[in-house]
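A.B. asks: My structure file start.cif, mmCIF, C-alpha atoms, is below:
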```
data_query
loop_
_atom_site.group_PDB
_atom_site.id
_atom_site.type_symbol
_atom_site.label_atom_id
_atom_site.label_comp_id
_atom_site.auth_asym_id
_atom_site.auth_seq_id
_atom_site.Cartn_x
_atom_site.Cartn_y
_atom_site.Cartn_z
ATOM 1 C CA MET A 1 92.581 97.893 88.124
ATOM 2 C CA ILE A 2 95.474 100.044 89.286
ATOM 3 C CA ILE A 3 94.778 103.341 91.051
ATOM 4 C CA VAL A 4 97.490 105.888 91.818
ATOM 5 C CA GLY A 5 96.647 108.264 94.648
ATOM 6 C CA ILE A 6 98.616 111.513 94.713
ATOM 7 C CA ASP A 7 99.173 114.072 97.446
ATOM 8 C CA PRO A 8 100.631 117.007 95.490
ATOM 9 C CA GLY A 9 103.311 119.420 96.656
ATOM 10 C CA LEU A 10 106.340 121.293 95.316
ATOM 11 C CA ALA A 11 108.875 119.860 97.802
ATOM 12 C CA THR A 12 107.234 116.445 98.209
ATOM 13 C CA VAL A 13 104.652 114.561 96.172
ATOM 14 C CA GLY A 14 103.276 111.571 98.052
ATOM 15 C CA PHE A 15 101.952 108.635 96.079
ATOM 16 C CA GLY A 16 100.232 105.349 96.747
ATOM 17 C CA VAL A 17 99.643 102.643 94.150
ATOM 18 C CA ILE A 18 96.795 100.227 94.858
ATOM 19 C CA GLN A 19 95.506 97.292 92.847
ATOM 20 C CA LYS A 20 91.812 96.578 93.183
ATOM 21 C CA SER A 21 90.174 93.383 92.024
ATOM 22 C CA GLU A 22 86.662 92.076 92.693
ATOM 23 C CA GLU A 23 87.916 90.243 95.755
ATOM 24 C CA ASN A 24 90.513 92.444 97.325
ATOM 25 C CA ILE A 25 92.605 95.558 97.536
ATOM 26 C CA ILE A 26 96.364 95.150 97.323
ATOM 27 C CA PRO A 27 98.975 97.810 98.094
ATOM 28 C CA VAL A 28 101.459 97.740 95.211
ATOM 29 C CA SER A 29 103.777 100.580 96.153
ATOM 30 C CA TYR A 30 103.945 103.863 97.990
ATOM 31 C CA GLY A 31 106.502 106.572 98.475
ATOM 32 C CA CYS A 32 107.462 110.153 97.663
ATOM 33 C CA ILE A 33 108.858 112.232 94.854
ATOM 34 C CA ARG A 34 111.121 114.841 96.438
ATOM 35 C CA THR A 35 112.552 117.965 94.816
ATOM 36 C CA SER A 36 115.547 119.965 95.934
ATOM 37 C CA ALA A 37 115.012 123.342 97.615
ATOM 38 C CA ASN A 38 118.258 124.407 95.890
ATOM 39 C CA LYS A 39 116.566 124.268 92.516
ATOM 40 C CA LYS A 40 114.374 126.952 91.003
ATOM 41 C CA THR A 41 110.653 126.322 90.740
ATOM 42 C CA PRO A 42 110.632 125.494 86.990
ATOM 43 C CA GLU A 43 113.344 122.867 87.543
ATOM 44 C CA ARG A 44 111.443 121.377 90.475
ATOM 45 C CA LEU A 45 108.284 121.241 88.356
ATOM 46 C CA LEU A 46 110.218 119.454 85.614
ATOM 47 C CA ASP A 47 111.487 116.915 88.177
ATOM 48 C CA ILE A 48 107.918 116.315 89.390
ATOM 49 C CA TYR A 49 106.684 115.963 85.812
ATOM 50 C CA ASN A 50 109.418 113.472 84.881
ATOM 51 C CA GLU A 51 109.003 111.406 88.039
ATOM 52 C CA THR A 52 105.219 111.376 87.691
ATOM 53 C CA ASN A 53 105.576 110.178 84.107
ATOM 54 C CA ALA A 54 107.952 107.446 85.281
ATOM 55 C CA LEU A 55 105.411 106.404 87.929
ATOM 56 C CA PHE A 56 102.590 106.232 85.366
ATOM 57 C CA GLU A 57 104.792 104.270 82.962
ATOM 58 C CA LYS A 58 105.861 101.816 85.638
ATOM 59 C CA TYR A 59 102.381 101.046 87.017
ATOM 60 C CA ASN A 60 100.186 101.905 84.034
ATOM 61 C CA PRO A 61 97.218 103.018 86.202
ATOM 62 C CA GLN A 62 93.628 103.162 84.937
ATOM 63 C CA THR A 63 92.844 105.991 87.343
ATOM 64 C CA VAL A 64 94.601 108.843 89.102
ATOM 65 C CA ALA A 65 93.080 110.196 92.323
ATOM 66 C CA ILE A 66 94.519 113.487 93.550
ATOM 67 C CA GLU A 67 93.909 115.729 96.519
ATOM 68 C CA LYS A 68 91.957 118.870 95.808
ATOM 69 C CA LEU A 69 93.286 121.811 97.737
ATOM 70 C CA PHE A 70 91.318 123.234 100.567
ATOM 71 C CA PHE A 71 90.398 126.807 99.761
ATOM 72 C CA ASN A 72 91.259 128.319 103.127
ATOM 73 C CA LYS A 73 94.852 127.075 103.218
ATOM 74 C CA ASN A 74 97.788 129.455 103.239
ATOM 75 C CA VAL A 75 97.564 131.164 99.844
ATOM 76 C CA THR A 76 101.266 131.237 98.966
ATOM 77 C CA SER A 77 101.599 127.562 99.790
ATOM 78 C CA ALA A 78 98.351 126.778 97.922
ATOM 79 C CA MET A 79 99.756 128.479 94.814
ATOM 80 C CA ARG A 80 102.975 126.444 94.970
ATOM 81 C CA VAL A 81 101.087 123.197 95.443
ATOM 82 C CA SER A 82 98.793 124.168 92.554
ATOM 83 C CA GLU A 83 101.740 124.619 90.208
ATOM 84 C CA ALA A 84 102.812 121.075 91.078
ATOM 85 C CA ARG A 85 99.218 119.861 90.631
ATOM 86 C CA GLY A 86 99.219 121.492 87.191
ATOM 87 C CA VAL A 87 102.121 119.412 85.894
ATOM 88 C CA ILE A 88 100.732 116.211 87.477
ATOM 89 C CA LEU A 89 97.319 116.765 85.843
ATOM 90 C CA LEU A 90 99.141 117.432 82.565
ATOM 91 C CA ALA A 91 101.106 114.172 82.828
ATOM 92 C CA ALA A 92 97.881 112.227 83.467
ATOM 93 C CA GLN A 93 96.065 113.917 80.593
ATOM 94 C CA GLN A 94 98.919 113.236 78.168
ATOM 95 C CA LYS A 95 98.525 109.530 78.968
ATOM 96 C CA GLN A 96 94.713 109.887 78.896
ATOM 97 C CA ILE A 97 94.352 108.588 82.433
ATOM 98 C CA PRO A 98 91.120 109.870 84.009
ATOM 99 C CA VAL A 99 91.700 112.038 87.081
ATOM 100 C CA PHE A 100 89.406 112.199 90.106
ATOM 101 C CA GLU A 101 89.793 114.892 92.744
ATOM 102 C CA TYR A 102 88.910 114.624 96.413
ATOM 103 C CA THR A 103 88.977 117.156 99.219
ATOM 104 C CA PRO A 104 90.791 116.415 102.488
ATOM 105 C CA ALA A 105 87.375 116.107 104.174
ATOM 106 C CA GLN A 106 86.194 113.511 101.628
ATOM 107 C CA ILE A 107 89.407 111.532 102.063
ATOM 108 C CA LYS A 108 89.194 111.518 105.854
ATOM 109 C CA GLN A 109 85.532 110.598 105.730
ATOM 110 C CA ALA A 110 86.177 107.730 103.311
ATOM 111 C CA ILE A 111 88.975 106.234 105.417
ATOM 112 C CA THR A 112 87.584 106.696 108.917
ATOM 113 C CA GLY A 113 83.873 107.174 108.330
ATOM 114 C CA ALA A 114 83.938 109.997 110.843
ATOM 115 C CA GLY A 115 86.263 112.792 109.858
ATOM 116 C CA ARG A 116 87.763 113.455 113.277
ATOM 117 C CA ALA A 117 90.781 111.167 113.021
ATOM 118 C CA ASP A 118 94.267 112.581 113.414
ATOM 119 C CA LYS A 119 97.186 111.659 111.139
ATOM 120 C CA ARG A 120 98.251 108.727 113.280
ATOM 121 C CA GLN A 121 94.743 107.271 113.411
ATOM 122 C CA MET A 122 94.444 107.672 109.632
ATOM 123 C CA GLN A 123 97.705 105.738 109.199
ATOM 124 C CA GLU A 124 96.468 102.985 111.517
ATOM 125 C CA MET A 125 93.313 102.696 109.395
ATOM 126 C CA ILE A 126 95.310 102.547 106.153
ATOM 127 C CA LYS A 127 97.618 99.906 107.627
ATOM 128 C CA SER A 128 94.612 97.836 108.651
ATOM 129 C CA LEU A 129 92.655 98.318 105.384
ATOM 130 C CA LEU A 130 95.656 97.333 103.281
ATOM 131 C CA GLY A 131 97.021 94.635 105.594
ATOM 132 C CA LEU A 132 100.397 96.349 105.885
ATOM 133 C CA ASP A 133 103.006 95.102 108.349
ATOM 134 C CA GLU A 134 103.788 98.578 109.566
ATOM 135 C CA LEU A 135 102.432 102.116 109.435
ATOM 136 C CA PRO A 136 102.889 103.617 105.969
ATOM 137 C CA ARG A 137 105.598 106.263 106.092
ATOM 138 C CA PRO A 138 106.390 109.056 105.432
ATOM 139 C CA ASP A 139 103.179 111.015 105.921
ATOM 140 C CA ASP A 140 102.975 112.086 102.287
ATOM 141 C CA ALA A 141 103.135 108.483 101.079
ATOM 142 C CA ALA A 142 100.411 107.541 103.577
ATOM 143 C CA ASP A 143 98.344 110.418 102.174
ATOM 144 C CA GLY A 144 98.870 109.065 98.663
ATOM 145 C CA LEU A 145 97.523 105.685 99.769
ATOM 146 C CA SER A 146 94.570 107.276 101.561
ATOM 147 C CA ILE A 147 93.597 109.225 98.414
ATOM 148 C CA ALA A 148 93.659 106.024 96.339
ATOM 149 C CA LEU A 149 91.582 104.250 99.021
ATOM 150 C CA CYS A 150 89.159 107.173 99.099
ATOM 151 C CA HIS A 151 88.607 106.764 95.356
ATOM 152 C CA ILE A 152 87.936 103.015 95.724
ATOM 153 C CA HIS A 153 85.501 103.672 98.564
ATOM 154 C CA ILE A 154 83.588 106.399 96.711
ATOM 155 C CA MET A 155 83.411 104.381 93.458
ATOM 156 C CA ARG A 156 81.739 101.464 95.267
ATOM 157 C CA MET B 157 116.896 138.940 71.780
ATOM 158 C CA ILE B 158 113.321 137.720 71.890
ATOM 159 C CA ILE B 159 111.317 138.006 75.117
ATOM 160 C CA VAL B 160 107.943 136.362 75.592
ATOM 161 C CA GLY B 161 105.782 137.950 78.301
ATOM 162 C CA ILE B 162 103.025 135.765 79.702
ATOM 163 C CA ASP B 163 99.908 136.601 81.691
ATOM 164 C CA PRO B 164 98.836 133.154 82.939
ATOM 165 C CA GLY B 165 95.279 131.888 83.379
ATOM 166 C CA LEU B 166 93.236 128.721 82.906
ATOM 167 C CA ALA B 167 90.661 130.228 80.514
ATOM 168 C CA THR B 168 92.980 132.729 78.840
ATOM 169 C CA VAL B 169 96.752 133.026 78.672
ATOM 170 C CA GLY B 170 97.848 136.401 77.327
ATOM 171 C CA PHE B 171 101.191 136.657 75.572
ATOM 172 C CA GLY B 172 103.364 139.339 74.059
ATOM 173 C CA VAL B 173 106.484 138.685 71.993
ATOM 174 C CA ILE B 174 109.029 141.501 71.858
ATOM 175 C CA GLN B 175 112.356 141.722 70.064
ATOM 176 C CA LYS B 176 114.972 143.859 71.743
ATOM 177 C CA SER B 177 118.139 145.011 70.057
ATOM 178 C CA GLU B 178 120.695 147.602 71.177
ATOM 179 C CA GLU B 179 118.813 150.290 69.290
ATOM 180 C CA ASN B 180 115.187 149.479 69.674
ATOM 181 C CA ILE B 181 112.278 147.425 70.940
ATOM 182 C CA ILE B 182 110.028 145.831 68.333
ATOM 183 C CA PRO B 183 106.672 144.182 68.988
ATOM 184 C CA VAL B 184 106.728 140.871 67.126
ATOM 185 C CA SER B 185 103.361 139.415 68.089
ATOM 186 C CA TYR B 186 100.751 139.383 70.794
ATOM 187 C CA GLY B 187 97.555 137.500 71.469
ATOM 188 C CA CYS B 188 95.858 134.905 73.653
ATOM 189 C CA ILE B 189 95.697 131.183 74.164
ATOM 190 C CA ARG B 190 92.089 130.345 75.049
ATOM 191 C CA THR B 191 90.760 127.097 76.494
ATOM 192 C CA SER B 192 87.198 125.854 76.418
ATOM 193 C CA ALA B 193 85.103 125.957 79.599
ATOM 194 C CA ASN B 194 83.479 122.749 78.307
ATOM 195 C CA LYS B 195 86.694 120.846 78.853
ATOM 196 C CA LYS B 196 87.930 119.425 82.134
ATOM 197 C CA THR B 197 90.889 121.072 83.837
ATOM 198 C CA PRO B 198 93.496 118.452 82.781
ATOM 199 C CA GLU B 199 92.457 118.871 79.123
ATOM 200 C CA ARG B 200 92.637 122.653 79.405
ATOM 201 C CA LEU B 201 96.093 122.384 80.958
ATOM 202 C CA LEU B 202 97.189 120.150 78.076
ATOM 203 C CA ASP B 203 95.888 122.737 75.581
ATOM 204 C CA ILE B 204 97.837 125.482 77.377
ATOM 205 C CA TYR B 205 100.970 123.335 77.440
ATOM 206 C CA ASN B 206 100.735 122.482 73.730
ATOM 207 C CA GLU B 207 100.024 126.066 72.677
ATOM 208 C CA THR B 208 102.802 127.417 74.875
ATOM 209 C CA ASN B 209 105.214 124.938 73.332
ATOM 210 C CA ALA B 210 104.073 126.014 69.871
ATOM 211 C CA LEU B 211 104.657 129.669 70.843
ATOM 212 C CA PHE B 212 108.174 128.908 72.113
ATOM 213 C CA GLU B 213 108.960 126.899 68.981
ATOM 214 C CA LYS B 214 107.694 129.634 66.684
ATOM 215 C CA TYR B 215 109.559 132.543 68.303
ATOM 216 C CA ASN B 216 112.465 130.745 69.978
ATOM 217 C CA PRO B 217 112.700 133.245 72.884
ATOM 218 C CA GLN B 218 115.831 133.712 75.007
ATOM 219 C CA THR B 219 113.698 134.744 77.973
ATOM 220 C CA VAL B 220 110.243 134.171 79.380
ATOM 221 C CA ALA B 221 108.766 136.793 81.709
ATOM 222 C CA ILE B 222 105.649 135.739 83.596
ATOM 223 C CA GLU B 223 103.328 137.403 86.055
ATOM 224 C CA LYS B 224 103.725 136.318 89.649
ATOM 225 C CA LEU B 225 100.397 136.029 91.390
ATOM 226 C CA PHE B 226 99.414 138.506 93.978
ATOM 227 C CA PHE B 227 98.956 136.727 97.280
ATOM 228 C CA ASN B 228 95.723 138.430 98.303
ATOM 229 C CA LYS B 229 93.792 137.453 95.178
ATOM 230 C CA ASN B 230 90.780 135.173 95.330
ATOM 231 C CA VAL B 231 92.240 131.840 96.470
ATOM 232 C CA THR B 232 90.228 129.518 94.225
ATOM 233 C CA SER B 233 91.084 131.604 91.200
ATOM 234 C CA ALA B 234 94.727 131.860 92.325
ATOM 235 C CA MET B 235 94.914 128.064 92.503
ATOM 236 C CA ARG B 236 93.514 127.658 88.966
ATOM 237 C CA VAL B 237 95.898 130.250 87.582
ATOM 238 C CA SER B 238 98.755 128.525 89.419
ATOM 239 C CA GLU B 239 97.974 125.196 87.760
ATOM 240 C CA ALA B 240 98.249 126.957 84.394
ATOM 241 C CA ARG B 241 101.459 128.668 85.537
ATOM 242 C CA GLY B 242 102.822 125.234 86.448
ATOM 243 C CA VAL B 243 102.522 123.855 82.909
ATOM 244 C CA ILE B 244 103.891 127.088 81.385
ATOM 245 C CA LEU B 245 106.941 127.009 83.698
ATOM 246 C CA LEU B 246 107.392 123.343 82.771
ATOM 247 C CA ALA B 247 107.287 124.113 79.037
ATOM 248 C CA ALA B 248 109.929 126.836 79.498
ATOM 249 C CA GLN B 249 112.164 124.604 81.611
ATOM 250 C CA GLN B 250 111.969 121.739 79.106
ATOM 251 C CA LYS B 251 113.332 124.142 76.481
ATOM 252 C CA GLN B 252 115.803 125.555 79.041
ATOM 253 C CA ILE B 253 114.498 129.088 78.603
ATOM 254 C CA PRO B 254 115.188 131.167 81.731
ATOM 255 C CA VAL B 255 112.039 132.418 83.431
ATOM 256 C CA PHE B 256 111.715 135.742 85.261
ATOM 257 C CA GLU B 257 108.733 136.511 87.453
ATOM 258 C CA TYR B 258 107.248 139.936 88.152
ATOM 259 C CA THR B 259 104.451 141.041 90.430
ATOM 260 C CA PRO B 260 101.590 143.185 89.114
ATOM 261 C CA ALA B 261 103.036 146.126 91.083
ATOM 262 C CA GLN B 262 106.474 145.718 89.465
ATOM 263 C CA ILE B 263 104.883 145.537 86.018
ATOM 264 C CA LYS B 264 102.777 148.659 86.534
ATOM 265 C CA GLN B 265 105.735 150.515 88.001
ATOM 266 C CA ALA B 266 107.971 149.542 85.070
ATOM 267 C CA ILE B 267 105.452 150.669 82.437
ATOM 268 C CA THR B 268 104.128 153.845 84.000
ATOM 269 C CA GLY B 269 106.802 154.777 86.515
ATOM 270 C CA ALA B 270 104.054 155.567 88.994
ATOM 271 C CA GLY B 271 101.867 152.611 89.733
ATOM 272 C CA ARG B 272 98.515 154.393 89.728
ATOM 273 C CA ALA B 273 97.606 153.850 86.084
ATOM 274 C CA ASP B 274 94.384 152.068 85.169
ATOM 275 C CA LYS B 275 94.174 149.392 82.451
ATOM 276 C CA ARG B 276 93.424 151.914 79.710
ATOM 277 C CA GLN B 277 96.352 154.137 80.669
ATOM 278 C CA MET B 278 98.622 151.086 80.759
ATOM 279 C CA GLN B 279 97.513 150.163 77.234
ATOM 280 C CA GLU B 280 98.149 153.721 76.026
ATOM 281 C CA MET B 281 101.670 153.512 77.460
ATOM 282 C CA ILE B 282 102.313 150.134 75.798
ATOM 283 C CA LYS B 283 100.993 151.472 72.480
ATOM 284 C CA SER B 284 103.320 154.442 72.752
ATOM 285 C CA LEU B 285 106.385 152.480 73.957
ATOM 286 C CA LEU B 286 106.033 149.931 71.148
ATOM 287 C CA GLY B 287 104.879 152.358 68.446
ATOM 288 C CA LEU B 288 101.675 150.407 67.821
ATOM 289 C CA ASP B 289 98.982 151.807 65.532
ATOM 290 C CA GLU B 290 96.232 150.940 67.958
ATOM 291 C CA LEU B 291 95.714 149.904 71.557
ATOM 292 C CA PRO B 292 96.823 146.299 72.113
ATOM 293 C CA ARG B 293 93.779 144.082 72.594
ATOM 294 C CA PRO B 294 92.439 142.027 74.265
ATOM 295 C CA ASP B 295 93.474 142.958 77.796
ATOM 296 C CA ASP B 296 95.323 139.676 78.385
ATOM 297 C CA ALA B 297 97.470 140.196 75.288
ATOM 298 C CA ALA B 298 98.242 143.749 76.439
ATOM 299 C CA ASP B 299 99.239 142.296 79.807
ATOM 300 C CA GLY B 300 101.550 139.853 78.034
ATOM 301 C CA LEU B 301 103.270 142.763 76.276
ATOM 302 C CA SER B 302 103.516 144.757 79.492
ATOM 303 C CA ILE B 303 105.205 141.848 81.289
ATOM 304 C CA ALA B 304 107.781 141.531 78.489
ATOM 305 C CA LEU B 305 108.343 145.315 78.611
ATOM 306 C CA CYS B 306 108.693 145.157 82.382
ATOM 307 C CA HIS B 307 111.474 142.598 81.993
ATOM 308 C CA ILE B 308 113.309 144.768 79.449
ATOM 309 C CA HIS B 309 112.972 147.793 81.730
ATOM 310 C CA ILE B 310 114.228 145.977 84.838
ATOM 311 C CA MET B 311 117.151 144.350 82.978
ATOM 312 C CA ARG B 312 118.457 147.759 81.846
#
```
Mind turning this structure into structure tokens?

C.D. replies:
Amino acid sequence: MIIVGIDPGLATVGFGVIQKSEENIIPVSYGCIRTSANKKTPERLLDIYNETNALFEKYNPQTVAIEKLFFNKNVTSAMRVSEARGVILLAAQQKQIPVFEYTPAQIKQAITGAGRADKRQMQEMIKSLLGLDELPRPDDAADGLSIALCHIHIMR
Amino acid sequence: MIIVGIDPGLATVGFGVIQKSEENIIPVSYGCIRTSANKKTPERLLDIYNETNALFEKYNPQTVAIEKLFFNKNVTSAMRVSEARGVILLAAQQKQIPVFEYTPAQIKQAITGAGRADKRQMQEMIKSLLGLDELPRPDDAADGLSIALCHIHIMR
């Protein structure tokens, strides 16, 4: 089964695509959707929506795992990220792909088992778990992979 | 020109449709899009998106005016409302309808000129400004009308 993990944002949406079989977990793709700061919010949301649709069409995932925002984050930023989350959830629902949401704490816990790892340590863990040749970059793409891995771990 | 004012929310989206000509301002329609609490968020967002599209198709507005969230609101609620805002902004952008955003303070100021009116006084003002036979109800629909009126007032 294919799982797409998504780290939502208005400027950058990180994603990680992982294929899970009975035997192993294979990284299929990871990267970012970026939107231009020169565009107005509705245009940026349309770009995110179109790119997310393209991602779902390309990989045809059975599951979407997405980060749930932490309630004590900066409110203005949380509202912007939520608008982006809205169009991503819409795109998944239109394709009837089930969506699972995980908090940053759940994701960290699932990857490291502890919850005290920094970004670099998280990336080392992801690299090791997925057998990557190098650290997944940029950070948002690594976050996308970690959200997909979190889903696989929790579903076990 | 037709202006649609929108008060966004996940459970209820209030809307007001106003036609403005050189001579006068005519209320065309107002009401609410409601989503079921029994549905998951992605399904509710899809309902909002579909209903918003239907509203835009029915009235073919030249402008959408939408409430901008107040940054000190309850964060969890602000995030839910923002997800709904995201799909509404997307629907407008897909139809290339320009979107204008107004804060609650701007809306109150535009309707009452003062900014100390309560909900009931706001509704009395809207009733009077639009020549309605009765107070616009429910509250969310009245808010939709007030946002459209705010846009007309500020554009003058």

A.B. asks: Determine, counting all atoms listed in the file, which protein, DNA and RNA residues have an atom within 12 Å of an atom of A:Lys40; residues of the same chain fewer than 3 positions away are not included. Present the result as a ChimeraX atom specification.

C.D. replies: /A:10-11,35-37,43-47 /B:245-246,249,254-257

A.B. asks: Using all atoms listed in the file, pick whichever of B:Ile253, B:Met311, B:Ile267, B:Ile189 has the shortest atom-to-atom distance to B:Lys176.

C.D. replies: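 Looking at the shortest contact to B:Lys176, the residue is B:Met311.
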
A.B. asks: Here's the selection I'm unsure about, the PyMOL selection byres ((chain A) within 10 of (chain B)); applied to the file above, which residues does it give, as a VMD selection string?

C.D. replies: chain A and resid 40 to 49 69 to 94 96 to 99

A.B. asks: Can you tell me which residues surround B:Lys275 at a distance of at most 10 Å, considering all atoms listed in the file, apart from same-chain residues fewer than 5 positions away, and format the answer as a list of chain:residue names?

C.D. replies: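 Residues near the query, excluding close chain neighbours: B:Lys264, B:Glu280, B:Met281, B:Asp295, B:Ala298, B:Asp299.
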
A.B. asks: When the PyMOL selection byres ((chain A and resi 151) around 9) is applied to the structure above, which residues does it catch, written out as a PyMOL selection string?

C.D. replies: chain A and resi 3+5+64-65+100-102+107+110+146-150+152-156

A.B. asks: Would you work out the distance separating atom CA of B:Met278 from atom CA of B:Asn206, expressed in Å to one decimal?

C.D. replies: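 Rounded to one decimal, the two atoms are 29.5 Å apart.
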
A.B. asks: Neighbouring residues of stretch 289-292 of chain B were defined as those with any atom within 12 Å, considering all atoms listed in the file; residues of the same chain fewer than 2 positions away were excluded. Please report them as an MDAnalysis selection string.

C.D. replies: chainID B and resid 170:172 183 185:188 275:287 294:302

A.B. asks: What does the structure give for the distance between atom CA of A:Val28 and atom CA of A:Thr12, in Å to one decimal?

C.D. replies: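 Those two atoms sit 19.8 Å apart.
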
A.B. asks: Edge lengths and centre, in Å to one decimal, as AutoDock Vina command-line options: that's what I need for the box along x, y and z that holds all listed atoms of stretch 121-138 of chain A plus 6 Å on each side.

C.D. replies:
```
--center_x 99.5 --center_y 101.8 --center_z 108.3 --size_x 25.7 --size_y 26.4 --size_z 22.1
```

A.B. asks: Can you measure atom CA of A:Ala117 to atom CA of A:Ile18 for me? One decimal in Å is fine.

C.D. replies: 22.0 Å

A.B. asks: So which residues get picked by the PyMOL selection byres ((chain A and resi 59) around 9) here, written as a ChimeraX atom specification?

C.D. replies: /A:2-4,17,28,54-58,60-61
